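Working notes for the structure below.
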Protein chains: 2
Amino acid sequence: MISLAEENYLKNIYKLSEKNSGAVTTSSLADALQINAASVTDFVKKMAEKKMVTYQKSKGAMLTEAGKKIALKIIRKHRLWEVWLVNTLNFKWDEVHDIAEQLEHVNSDMLIERLDNHLGNPTADPHGDLIPDAKGKFIKDRSKPLLKCIAKQKVKFIGVAEHSNSFLQFLTKNNLKIGDELFIERIEAYDQSFHLKINKKTKKVFSKEVVKNILIVLA
Amino acid sequence: MISLAEENYLKNIYKLSEKNSGAVTTSSLADALQINAASVTDFVKKMAEKKMVTYQKSKGAMLTEAGKKIALKIIRKHRLWEVWLVNTLNFKWDEVHDIAEQLEHVNSDMLIERLDNHLGNPTADPHGDLIPDAKGKFIKDRSKPLLKCIAKQKVKFIGVAEHSNSFLQFLTKNNLKIGDELFIERIEAYDQSFHLKINKKTKKVFSKEVVKNILIVLA
DNA sequence: AAATAAAATTAGGTCAGCCTAATTTTATAC
DNA sequence: GTATAAAATTAGGCTGACCTAATTTTATTT
Ligand SMILES: [Mn+2]
Ligand SMILES: [Mn+2]
Ligand SMILES: [Mn+2]
Ligand SMILES: [Mn+2]
């Protein structure tokens with residue numbers, strides 16, 4: 001059996017290795033898990049014995065295939081639950097993460113698959129994060145940061161690269177939500193702020209800070 | 001904060017004190033939790049320090065008001081989740097208990113209340129067990145064992161007094177489900193087996209063993 | 001290439017939640 | 001009421017998942 005702590009380690013190792021590929025450092029894991037680095041070293045060694053990760057002293061940890069499979073399953077559960085919370089129970093997108101952090105550890109394959117079907121086999125969660133299927137496969141990710149776009153492009157808002165409540169609430173306050181059509185009227189050369197027209201109606205200006213965390217696809 | 005172990009102790013103390021009122025014995029708790037009696041003694045003492053229970057050496061434990069409140073909340077969650085699993089995800093009534101055992105520990109008041117509303121504020125779970133409201137109050141229980149009835153009575157099957165999978169599956173196999181109307185055609189004097197007509201159609205005979213675990217209300 | 005800083009590891013705890021074995025207390029039988 | 005059985009407690013341990021402080025390794029400056 002796999003413990004709660006192990007599940008959280010695996011999930012976070014996966015997420016960190018997604019960003020900076022290669023071995024995940026002890027300190028980055030410690031930071032993500034809010035656990036002392038010494039404890040992480042210890043734990044990771046035990047996980048290596050159990051073949052969930054490979055570990056090289058002073059270099060870091062990498063998921064084995066077995067570990068990756070578990071990590072993806074937890075991520076799948078987390079995101080499916082978030083979809084349920086938002087779509088069925090009408091939670092806001094900035095209210096679901098902590099609840100999903102708990103629900104992701106509920107262990108029942110039958111439950112996951114039924115939930116998935118009940119939700120219509122969604123491929124993305126309320127924040128636009130892709131949901132792996134039962135085999136751990138994602139659909140192809142075609143998104144990129146709005147910041148990478150050029151003036152006069154028409155794009156669709158499909159996700160966020162930053163998941164903090166403050167950022168999500170900022171977007172909500174500014175009436176920006178997933179699915180919105182954004183037209184880039186102009187990009188200010190000096191500070192790279194974006195002048196947008198949202199859904200062919202409202203005009204708004206967003207700073208580079210914001211724009212880099214908005215993920216879009218070309219419309 | 002309250003730990004998983006504490007929640008399970010509280011829930012089981014509540015359930016055992018429901019049956020045999022008075023203090024809950026160490027051995028009955030040990031048996032229910034599948035934990036060694038020595039460990040239970042220890043744990044219960046710690047819970048007494050935290051004012052969740054009162055404890056008298058060699059006599060047993062009783063919930064305090066605070067402890068009872070927590071116990072009822074867990075029972076509420078367990079039963080609400082069971083309703084969801086059966087009504088929304090189409091699980092069978094003998095498939096939900098283990099999943100609900102996990103879900104009952106998910107901690108979010110907002111989640112419970114939204115789930116409750118979404119389900120239409122049910123007052124009983126798929127096994128006929130009453131669901132306490134947010135304040136811990138139950139509706140009045142009017143059920144009694146079918147065994148206590150007399151011949152020629154017409155009654156409605158509303159719950160089970162025995163929750164084992166084997167019993168639930170036995171009932172399912174015999175096409176008996178909650179809501180069914182039962183007419184007691186005759187009670188065999190020798191062994192107290194019940195000759196029933198189910199939903200004005202099927203005739204079936206059930207042993208005393210079975211009949212004592214079927215809960216009904218007079219129709 | 002030394003010196004310094006940062007990251008990682010080792011050594012030696014703690015605490016929760018369990019266990020077994022031994023002992024004491026309470027209940028039941030004779 | 002004494003003997004026996006059952007229940008409960010005490011004593012002493014163990015493991016998982018953390019911690020701090022000290023040390024070692026690796027990276028960055030100068
Ligand atoms: Mn989340
Ligand atoms: Mn998400
Ligand atoms: Mn149940
Ligand atoms: Mn139930």
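Labels for the structure tokens follow display order: chains A, B, ..., residues from 1 in each chain, ligands from 1.
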* To do: Could you give me the residues within 9 Å of ligand 1, counting only C-alpha atoms (C1' of nucleotides) and all ligand atoms, as JSON, numbers by chain?
  => {"A": [75, 78, 79, 82, 93, 94, 96, 97, 98, 99, 100, 101, 125, 126, 127, 129, 163]}
* To do: Within 10 Å of chain D, which residues of chain A are there when counting only C-alpha atoms (C1' of nucleotides)? Please give them as a list in words.
  => Ser3, Ala5, Ile35, Asn36, Ala38, Ser39, Val40, Asp42, Phe43, Lys57, Ser58 and Lys59 of chain A
Suppose we keep N, CA, C and O atoms; can you now write the selection as a short mmCIF file (atom, residue, chain, number, x, y, z; two decimals), in the first residue's frame?
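The resulting file, again.cif, is shown below:
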```cif
data_model
loop_
_atom_site.label_atom_id
_atom_site.label_comp_id
_atom_site.auth_asym_id
_atom_site.auth_seq_id
_atom_site.Cartn_x
_atom_site.Cartn_y
_atom_site.Cartn_z
N SER A 3 1.22 5.27 1.10
CA SER A 3 0.73 6.19 2.13
C SER A 3 0.40 7.56 1.56
O SER A 3 0.81 7.93 0.46
N ALA A 5 1.60 10.37 2.59
CA ALA A 5 2.85 11.11 2.41
C ALA A 5 3.50 10.74 1.09
O ALA A 5 3.93 11.61 0.32
N ILE A 35 8.22 20.94 3.86
CA ILE A 35 8.83 19.97 4.77
C ILE A 35 10.33 20.24 4.76
O ILE A 35 10.89 20.66 3.75
N ASN A 36 10.95 20.03 5.88
CA ASN A 36 12.38 20.27 6.01
C ASN A 36 13.20 19.40 5.04
O ASN A 36 12.91 18.24 4.82
N ALA A 38 16.01 17.99 5.25
CA ALA A 38 16.59 16.76 5.83
C ALA A 38 15.57 15.63 5.80
O ALA A 38 15.91 14.48 5.50
N SER A 39 14.33 15.97 6.08
CA SER A 39 13.27 14.96 6.06
C SER A 39 13.04 14.45 4.65
O SER A 39 12.79 13.26 4.43
N VAL A 40 13.17 15.35 3.71
CA VAL A 40 12.96 14.97 2.31
C VAL A 40 14.04 13.99 1.85
O VAL A 40 13.73 12.97 1.24
N ASP A 42 15.72 11.92 3.55
CA ASP A 42 15.35 10.67 4.19
C ASP A 42 14.25 9.92 3.46
O ASP A 42 14.36 8.74 3.14
N PHE A 43 13.19 10.63 3.23
CA PHE A 43 11.99 10.03 2.65
C PHE A 43 12.25 9.56 1.22
O PHE A 43 11.82 8.48 0.83
N LYS A 57 22.52 10.65 -4.83
CA LYS A 57 22.98 11.50 -3.75
C LYS A 57 23.44 12.87 -4.25
O LYS A 57 24.21 12.95 -5.21
N SER A 58 22.91 13.88 -3.60
CA SER A 58 23.26 15.27 -3.94
C SER A 58 22.81 15.71 -5.33
O SER A 58 23.12 16.83 -5.76
N LYS A 59 22.08 14.85 -6.00
CA LYS A 59 21.62 15.22 -7.34
C LYS A 59 20.11 15.37 -7.39
O LYS A 59 19.59 16.29 -7.98
#
```
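Within 9 Å of chain A, and using only C-alpha atoms, the residues found on chain B are Leu85, Thr88, Leu89, Asn90, Phe91, Asp98, Ile99, Gln102, Leu103, His105, Val106, Asn107, Ser108, Leu111, Arg114, Leu115 and His118 of chain B.
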What does the file look like for those residues with N, CA and C atoms, as a PDB file, in the first residue's frame?
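Once everything was written out, this is again_0.pdb:
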```
ATOM      1  N   LEU B  85     -23.164   8.414  -3.923  1.00  0.00           N
ATOM      2  CA  LEU B  85     -22.596   7.288  -4.673  1.00  0.00           C
ATOM      3  C   LEU B  85     -23.695   6.442  -5.321  1.00  0.00           C
ATOM      4  N   THR B  88     -26.242   9.172  -7.646  1.00  0.00           N
ATOM      5  CA  THR B  88     -25.635   9.880  -8.768  1.00  0.00           C
ATOM      6  C   THR B  88     -24.698   9.000  -9.576  1.00  0.00           C
ATOM      7  N   LEU B  89     -23.885   8.212  -8.899  1.00  0.00           N
ATOM      8  CA  LEU B  89     -22.926   7.391  -9.636  1.00  0.00           C
ATOM      9  C   LEU B  89     -23.403   5.954  -9.828  1.00  0.00           C
ATOM     10  N   ASN B  90     -24.646   5.686  -9.392  1.00  0.00           N
ATOM     11  CA  ASN B  90     -25.239   4.363  -9.620  1.00  0.00           C
ATOM     12  C   ASN B  90     -24.470   3.178  -9.039  1.00  0.00           C
ATOM     13  N   PHE B  91     -23.855   3.420  -7.904  1.00  0.00           N
ATOM     14  CA  PHE B  91     -23.276   2.293  -7.184  1.00  0.00           C
ATOM     15  C   PHE B  91     -24.404   1.483  -6.550  1.00  0.00           C
ATOM     16  N   ASP B  98     -17.122   1.178   1.852  1.00  0.00           N
ATOM     17  CA  ASP B  98     -15.677   1.410   1.951  1.00  0.00           C
ATOM     18  C   ASP B  98     -15.257   2.752   1.363  1.00  0.00           C
ATOM     19  N   ILE B  99     -15.924   3.141   0.305  1.00  0.00           N
ATOM     20  CA  ILE B  99     -15.602   4.446  -0.279  1.00  0.00           C
ATOM     21  C   ILE B  99     -16.051   5.565   0.667  1.00  0.00           C
ATOM     22  N   GLN B 102     -13.798   6.490   3.454  1.00  0.00           N
ATOM     23  CA  GLN B 102     -12.729   7.431   3.121  1.00  0.00           C
ATOM     24  C   GLN B 102     -13.277   8.853   2.986  1.00  0.00           C
ATOM     25  N   LEU B 103     -14.365   8.970   2.259  1.00  0.00           N
ATOM     26  CA  LEU B 103     -14.906  10.304   1.986  1.00  0.00           C
ATOM     27  C   LEU B 103     -15.375  11.018   3.258  1.00  0.00           C
ATOM     28  N   HIS B 105     -13.988  11.517   5.835  1.00  0.00           N
ATOM     29  CA  HIS B 105     -12.938  12.273   6.522  1.00  0.00           C
ATOM     30  C   HIS B 105     -12.512  13.538   5.770  1.00  0.00           C
ATOM     31  N   VAL B 106     -13.100  13.755   4.634  1.00  0.00           N
ATOM     32  CA  VAL B 106     -12.804  14.992   3.905  1.00  0.00           C
ATOM     33  C   VAL B 106     -13.426  16.156   4.670  1.00  0.00           C
ATOM     34  N   ASN B 107     -12.605  17.153   4.903  1.00  0.00           N
ATOM     35  CA  ASN B 107     -12.985  18.215   5.821  1.00  0.00           C
ATOM     36  C   ASN B 107     -13.282  19.523   5.092  1.00  0.00           C
ATOM     37  N   SER B 108     -14.549  19.839   4.944  1.00  0.00           N
ATOM     38  CA  SER B 108     -14.962  21.118   4.381  1.00  0.00           C
ATOM     39  C   SER B 108     -16.451  21.318   4.623  1.00  0.00           C
ATOM     40  N   LEU B 111     -18.391  22.091   1.593  1.00  0.00           N
ATOM     41  CA  LEU B 111     -18.622  20.918   0.750  1.00  0.00           C
ATOM     42  C   LEU B 111     -19.804  20.097   1.256  1.00  0.00           C
ATOM     43  N   ARG B 114     -23.112  21.914   0.567  1.00  0.00           N
ATOM     44  CA  ARG B 114     -23.475  21.942  -0.853  1.00  0.00           C
ATOM     45  C   ARG B 114     -23.877  20.558  -1.349  1.00  0.00           C
ATOM     46  N   LEU B 115     -23.170  19.558  -0.873  1.00  0.00           N
ATOM     47  CA  LEU B 115     -23.522  18.190  -1.262  1.00  0.00           C
ATOM     48  C   LEU B 115     -24.928  17.870  -0.763  1.00  0.00           C
ATOM     49  N   HIS B 118     -27.415  19.626  -2.882  1.00  0.00           N
ATOM     50  CA  HIS B 118     -27.436  19.029  -4.203  1.00  0.00           C
ATOM     51  C   HIS B 118     -28.223  17.715  -4.212  1.00  0.00           C
TER      52      HIS B 118
END
```
* To do: Identify every residue of chain C that has at least one atom within 10 Å of any atom of chain B, counting only C-alpha atoms (C1' of nucleotides), and report the result as a PyMOL selection string.
  => chain C and resi 16-20+25-26
* Using only C-alpha atoms (C1' of nucleotides), which residues sit within 7 Å of Phe206 (chain B) once same-chain residues fewer than 3 positions away are excluded, as JSON, numbers by chain? -> {"B": [193, 194, 195, 210, 211]}
Run DSSP on the backbone and give me the residues of region 78-201 of chain A it puts in helix (DSSP H, G or I), as an mmCIF file with N, CA and C atoms, in the first residue's frame.
```
data_model
loop_
_atom_site.group_PDB
_atom_site.id
_atom_site.type_symbol
_atom_site.label_atom_id
_atom_site.label_comp_id
_atom_site.auth_asym_id
_atom_site.auth_seq_id
_atom_site.Cartn_x
_atom_site.Cartn_y
_atom_site.Cartn_z
ATOM 1 N N HIS A 78 -7.346 14.577 -8.663
ATOM 2 C CA HIS A 78 -7.435 15.967 -8.227
ATOM 3 C C HIS A 78 -8.244 16.785 -9.231
ATOM 4 N N ARG A 79 -7.918 16.649 -10.468
ATOM 5 C CA ARG A 79 -8.540 17.496 -11.492
ATOM 6 C C ARG A 79 -9.976 17.086 -11.776
ATOM 7 N N LEU A 80 -10.234 15.793 -11.741
ATOM 8 C CA LEU A 80 -11.626 15.349 -11.915
ATOM 9 C C LEU A 80 -12.499 15.884 -10.781
ATOM 10 N N TRP A 81 -11.999 15.788 -9.568
ATOM 11 C CA TRP A 81 -12.776 16.305 -8.433
ATOM 12 C C TRP A 81 -13.007 17.808 -8.576
ATOM 13 N N GLU A 82 -12.001 18.510 -9.054
ATOM 14 C CA GLU A 82 -12.182 19.955 -9.231
ATOM 15 C C GLU A 82 -13.292 20.241 -10.242
ATOM 16 N N VAL A 83 -13.314 19.468 -11.299
ATOM 17 C CA VAL A 83 -14.381 19.634 -12.289
ATOM 18 C C VAL A 83 -15.740 19.419 -11.626
ATOM 19 N N TRP A 84 -15.816 18.371 -10.846
ATOM 20 C CA TRP A 84 -17.087 18.071 -10.166
ATOM 21 C C TRP A 84 -17.497 19.207 -9.231
ATOM 22 N N LEU A 85 -16.536 19.671 -8.451
ATOM 23 C CA LEU A 85 -16.842 20.734 -7.487
ATOM 24 C C LEU A 85 -17.365 21.989 -8.182
ATOM 25 N N VAL A 86 -16.752 22.317 -9.301
ATOM 26 C CA VAL A 86 -17.146 23.539 -10.005
ATOM 27 C C VAL A 86 -18.430 23.320 -10.811
ATOM 28 N N ASN A 87 -18.459 22.232 -11.566
ATOM 29 C CA ASN A 87 -19.609 22.035 -12.468
ATOM 30 C C ASN A 87 -20.867 21.599 -11.733
ATOM 31 N N HIS A 97 -9.312 24.058 -4.756
ATOM 32 C CA HIS A 97 -8.031 23.365 -4.654
ATOM 33 C C HIS A 97 -7.844 22.597 -3.344
ATOM 34 N N ASP A 98 -8.122 23.247 -2.240
ATOM 35 C CA ASP A 98 -7.894 22.594 -0.944
ATOM 36 C C ASP A 98 -8.783 21.373 -0.745
ATOM 37 N N ILE A 99 -9.989 21.453 -1.240
ATOM 38 C CA ILE A 99 -10.880 20.292 -1.125
ATOM 39 C C ILE A 99 -10.365 19.158 -2.013
ATOM 40 N N ALA A 100 -9.955 19.522 -3.220
ATOM 41 C CA ALA A 100 -9.421 18.500 -4.139
ATOM 42 C C ALA A 100 -8.143 17.863 -3.593
ATOM 43 N N GLU A 101 -7.367 18.639 -2.829
ATOM 44 C CA GLU A 101 -6.161 18.089 -2.207
ATOM 45 C C GLU A 101 -6.502 16.932 -1.283
ATOM 46 N N GLN A 102 -7.685 16.986 -0.698
ATOM 47 C CA GLN A 102 -8.117 15.886 0.162
ATOM 48 C C GLN A 102 -8.732 14.762 -0.667
ATOM 49 N N LEU A 103 -9.607 15.137 -1.578
ATOM 50 C CA LEU A 103 -10.324 14.124 -2.357
ATOM 51 C C LEU A 103 -9.393 13.302 -3.237
ATOM 52 N N ASP A 109 -10.699 2.757 -7.711
ATOM 53 C CA ASP A 109 -10.655 2.872 -9.168
ATOM 54 C C ASP A 109 -12.045 3.001 -9.759
ATOM 55 N N MET A 110 -12.964 2.239 -9.189
ATOM 56 C CA MET A 110 -14.337 2.281 -9.691
ATOM 57 C C MET A 110 -14.902 3.693 -9.534
ATOM 58 N N LEU A 111 -14.602 4.295 -8.397
ATOM 59 C CA LEU A 111 -15.087 5.658 -8.155
ATOM 60 C C LEU A 111 -14.539 6.631 -9.186
ATOM 61 N N ILE A 112 -13.248 6.580 -9.430
ATOM 62 C CA ILE A 112 -12.659 7.518 -10.393
ATOM 63 C C ILE A 112 -13.322 7.348 -11.751
ATOM 64 N N GLU A 113 -13.442 6.103 -12.177
ATOM 65 C CA GLU A 113 -13.962 5.901 -13.531
ATOM 66 C C GLU A 113 -15.426 6.314 -13.641
ATOM 67 N N ARG A 114 -16.180 6.062 -12.602
ATOM 68 C CA ARG A 114 -17.584 6.488 -12.653
ATOM 69 C C ARG A 114 -17.715 8.002 -12.607
ATOM 70 N N LEU A 115 -16.872 8.612 -11.781
ATOM 71 C CA LEU A 115 -16.888 10.074 -11.706
ATOM 72 C C LEU A 115 -16.521 10.656 -13.066
ATOM 73 N N ASP A 116 -15.487 10.117 -13.650
ATOM 74 C CA ASP A 116 -15.027 10.568 -14.965
ATOM 75 C C ASP A 116 -16.170 10.484 -15.987
ATOM 76 N N ASN A 117 -16.829 9.350 -16.022
ATOM 77 C CA ASN A 117 -17.943 9.197 -16.963
ATOM 78 C C ASN A 117 -19.076 10.157 -16.659
ATOM 79 N N HIS A 118 -19.395 10.258 -15.394
ATOM 80 C CA HIS A 118 -20.478 11.151 -14.985
ATOM 81 C C HIS A 118 -20.219 12.594 -15.413
ATOM 82 N N LEU A 146 -0.295 34.066 -23.194
ATOM 83 C CA LEU A 146 -0.755 35.221 -23.982
ATOM 84 C C LEU A 146 0.418 36.152 -24.293
ATOM 85 N N LEU A 147 1.352 36.235 -23.375
ATOM 86 C CA LEU A 147 2.526 37.087 -23.542
ATOM 87 C C LEU A 147 3.301 36.790 -24.831
ATOM 88 N N LYS A 148 3.212 35.540 -25.279
ATOM 89 C CA LYS A 148 3.951 35.148 -26.485
ATOM 90 C C LYS A 148 3.242 35.560 -27.776
ATOM 91 N N ASN A 165 -4.751 31.741 -5.331
ATOM 92 C CA ASN A 165 -6.083 32.314 -5.190
ATOM 93 C C ASN A 165 -6.093 33.782 -5.585
ATOM 94 N N SER A 166 -5.023 34.483 -5.249
ATOM 95 C CA SER A 166 -5.026 35.914 -5.546
ATOM 96 C C SER A 166 -5.070 36.149 -7.055
ATOM 97 N N PHE A 167 -4.363 35.339 -7.806
ATOM 98 C CA PHE A 167 -4.400 35.509 -9.264
ATOM 99 C C PHE A 167 -5.777 35.130 -9.820
ATOM 100 N N LEU A 168 -6.309 34.025 -9.355
ATOM 101 C CA LEU A 168 -7.628 33.587 -9.839
ATOM 102 C C LEU A 168 -8.687 34.634 -9.514
ATOM 103 N N GLN A 169 -8.591 35.181 -8.311
ATOM 104 C CA GLN A 169 -9.565 36.190 -7.914
ATOM 105 C C GLN A 169 -9.376 37.492 -8.688
ATOM 106 N N PHE A 170 -8.130 37.789 -9.005
ATOM 107 C CA PHE A 170 -7.861 38.970 -9.831
ATOM 108 C C PHE A 170 -8.571 38.844 -11.181
ATOM 109 N N LEU A 171 -8.440 37.671 -11.779
ATOM 110 C CA LEU A 171 -9.077 37.457 -13.085
ATOM 111 C C LEU A 171 -10.604 37.552 -12.966
ATOM 112 N N THR A 172 -11.129 36.926 -11.943
ATOM 113 C CA THR A 172 -12.581 36.964 -11.737
ATOM 114 C C THR A 172 -13.062 38.405 -11.574
ATOM 115 N N LYS A 173 -12.333 39.152 -10.775
ATOM 116 C CA LYS A 173 -12.673 40.550 -10.522
ATOM 117 C C LYS A 173 -12.674 41.338 -11.826
#
```
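Nearest to ligand 2 of all the residues A:Val160, A:Leu215, A:Leu196, A:Leu182 is A:Val160, based on only C-alpha atoms and all ligand atoms.
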